[in-house]
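Text of the file work.txt, holding compact mmCIF, C-alpha atoms:
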```
# COMPACT_ATOMS: atom_id res chain seq x y z
CA MET A 1 172.25 132.15 213.06
CA SER A 2 174.26 134.26 215.41
CA VAL A 3 174.86 137.95 214.87
CA ARG A 4 178.24 137.70 216.58
CA SER A 5 181.09 137.91 214.16
CA SER A 6 184.72 138.90 214.05
CA SER A 7 183.80 141.44 211.37
CA THR A 8 181.50 143.37 213.73
CA PRO A 9 182.81 146.96 213.92
CA ARG A 10 183.98 147.96 217.38
CA ALA A 11 183.90 151.48 218.74
CA SER A 12 186.81 152.78 220.80
CA SER A 13 184.72 152.46 223.97
CA GLY A 14 184.63 148.66 223.67
CA HIS A 15 181.12 148.25 222.33
CA CYS A 16 180.01 147.37 218.81
CA SER A 17 178.85 149.95 216.34
CA LEU A 18 175.69 148.81 214.64
CA THR A 19 175.35 148.83 210.86
CA ALA A 20 172.35 148.67 208.56
CA LYS A 21 173.37 145.11 207.64
CA LEU A 22 173.46 144.03 211.31
CA VAL A 23 169.97 145.47 211.85
CA ARG A 24 168.74 143.68 208.71
CA ASP A 25 170.24 140.38 209.88
CA ALA A 26 168.60 140.80 213.30
CA VAL A 27 165.20 141.46 211.71
CA LYS A 28 165.69 138.38 209.51
CA GLU A 29 166.39 136.23 212.58
CA LEU A 30 163.56 137.71 214.66
CA GLU A 31 161.03 137.40 211.82
CA LYS A 32 161.17 133.66 212.29
CA ARG A 33 159.18 134.21 215.50
CA ARG A 34 157.20 137.35 214.61
CA GLN A 35 155.86 138.82 211.40
CA ARG A 36 156.75 142.40 212.34
CA VAL A 37 159.72 143.27 214.53
CA PRO A 38 159.28 146.27 216.86
CA LEU A 39 162.14 148.47 218.07
CA SER A 40 161.85 147.04 221.59
CA LEU A 41 162.55 143.52 220.30
CA LEU A 42 165.56 144.75 218.31
CA LEU A 43 166.85 146.50 221.42
CA THR A 44 166.58 143.33 223.51
CA HIS A 45 168.12 141.25 220.73
CA PHE A 46 171.23 143.42 220.47
CA GLN A 47 171.62 143.75 224.25
CA GLN A 48 171.63 139.95 224.61
CA ARG A 49 173.89 139.12 221.66
CA LEU A 50 176.42 141.91 221.20
CA PRO A 51 178.53 144.13 223.42
CA VAL A 52 176.54 147.25 222.55
CA GLN A 53 176.05 150.66 224.11
CA ARG A 54 174.80 150.28 227.70
CA ASN A 55 172.85 153.54 227.68
CA VAL A 56 169.42 152.41 226.45
CA GLU A 57 168.47 155.79 224.94
CA LEU A 58 171.71 155.99 222.95
CA LEU A 59 171.27 152.40 221.79
CA LYS A 60 167.68 153.10 220.69
CA HIS A 61 168.90 156.11 218.74
CA GLU A 62 171.64 154.04 217.08
CA ILE A 63 169.21 151.25 216.15
CA LEU A 64 166.73 153.77 214.73
CA GLU A 65 169.48 155.46 212.72
CA GLN A 66 170.72 152.19 211.24
CA ALA A 67 167.20 150.85 210.66
CA THR A 68 166.38 154.03 208.72
CA LYS A 69 169.49 153.47 206.60
CA ALA A 70 168.42 149.85 206.01
CA VAL A 71 164.99 151.06 204.87
CA LYS A 72 166.55 153.61 202.53
CA LEU A 73 168.84 150.93 201.08
CA GLY A 74 165.84 148.65 200.52
CA TYR A 75 166.91 145.99 203.05
CA LEU A 76 163.88 146.53 205.31
CA ARG A 77 160.35 147.90 205.21
CA GLN A 78 159.04 150.08 208.01
CA PHE A 79 155.40 150.14 209.03
CA ALA A 80 153.42 153.06 210.47
CA ASP A 81 153.61 151.51 213.96
CA GLY A 82 157.43 151.64 213.83
CA SER A 83 157.95 147.91 213.34
CA TYR A 84 160.13 146.38 210.62
CA CYS A 85 160.18 143.39 208.30
CA LEU A 86 162.42 142.18 205.50
CA SER A 87 161.70 143.86 202.22
CA THR A 88 160.49 142.00 199.16
CA LEU A 89 162.31 141.98 195.82
CA ARG A 90 159.59 144.26 194.45
CA TRP A 91 160.17 146.78 197.25
CA GLN A 92 163.95 146.63 196.74
CA ALA A 93 163.53 147.27 192.99
CA THR A 94 161.25 150.23 193.70
CA VAL A 95 163.77 151.74 196.12
CA GLU A 96 166.61 151.24 193.62
CA GLU A 97 164.62 152.75 190.76
CA PHE A 98 162.85 155.66 192.46
CA GLY A 99 164.70 156.10 195.74
CA TRP A 100 163.19 156.23 199.18
CA ASP A 101 161.51 159.33 200.49
```

Would you give me this structure, written as structure tokens?
Amino acid sequence: MSVRSSSTPRASSGHCSLTAKLVRDAVKELEKRRQRVPLSLLLTHFQQRLPVQRNVELLKHEILEQATKAVKLGYLRQFADGSYCLSTLRWQATVEEFGWD
């Protein structure tokens, strides 16, 4: 599965703006090789597959921002070490019912 798509939002500077759904899809793809997906692996994944922000610190910030949104929406779970995995249906139901804090 490729993350590239014609529906990928583009910023005016010519690079793609990441969304919570794009981060979730990347974690889904990367989980096939690893149980937990660290930020560094997400960073490499997006740099290789999408025309993203070249400034690494800005890209890290954007990934963290969108990953946090994905966690709040119930798409992903975040572990104490900062890695991510797909959420389970039980986790998604908990987030929908009680919200994420």

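Atom CA of His15 of chain A lies 8.0 Å from atom CA of Leu50 of chain A.
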
Counting all atoms listed in the file, I want the residues whose atoms come within 12 Å of (171.1, 143.0, 223.1) in the file frame, returned as a tab-separated table (two decimals) with C-alpha atoms, in the coordinates of the input.
```
chain	number	residue	atom	x	y	z
A	3	VAL	CA	174.86	137.95	214.87
A	4	ARG	CA	178.24	137.70	216.58
A	15	HIS	CA	181.12	148.25	222.33
A	16	CYS	CA	180.01	147.37	218.81
A	18	LEU	CA	175.69	148.81	214.64
A	23	VAL	CA	169.97	145.47	211.85
A	26	ALA	CA	168.60	140.80	213.30
A	39	LEU	CA	162.14	148.47	218.07
A	40	SER	CA	161.85	147.04	221.59
A	41	LEU	CA	162.55	143.52	220.30
A	42	LEU	CA	165.56	144.75	218.31
A	43	LEU	CA	166.85	146.50	221.42
A	44	THR	CA	166.58	143.33	223.51
A	45	HIS	CA	168.12	141.25	220.73
A	46	PHE	CA	171.23	143.42	220.47
A	47	GLN	CA	171.62	143.75	224.25
A	48	GLN	CA	171.63	139.95	224.61
A	49	ARG	CA	173.89	139.12	221.66
A	50	LEU	CA	176.42	141.91	221.20
A	51	PRO	CA	178.53	144.13	223.42
A	52	VAL	CA	176.54	147.25	222.55
A	53	GLN	CA	176.05	150.66	224.11
A	54	ARG	CA	174.80	150.28	227.70
A	55	ASN	CA	172.85	153.54	227.68
A	56	VAL	CA	169.42	152.41	226.45
A	59	LEU	CA	171.27	152.40	221.79
A	60	LYS	CA	167.68	153.10	220.69
A	63	ILE	CA	169.21	151.25	216.15
```

Closest of A:Cys85, A:Leu58, A:Ala67, A:Phe98 to Glu29 of chain A - atom-to-atom distances counting only C-alpha atoms
A:Cys85

Which is closest to Gln78 of chain A among A:Arg90, A:Arg36, A:Lys28, A:Lys21, if we use all atoms listed in the file?
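Ranking A:Arg90, A:Arg36, A:Lys28, A:Lys21 by distance to Gln78 of chain A, first place goes to A:Arg36.
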
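Take the candidates A:Lys72, A:Val27, A:Asp81, A:Val37 and check each one against Glu97 of chain A using all atoms listed in the file; the shortest distance goes to A:Lys72.
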
Interatomic distance between atom CA of Leu76 of chain A and atom CA of Ala20 of chain A?
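A separation of 9.3 Å between them.
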
Between atom CA of Glu31 of chain A and atom CA of Leu64 of chain A - distance in Å to one decimal:
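Between atom CA of Leu64 of chain A and atom CA of Glu31 of chain A the gap works out to 17.6 Å.
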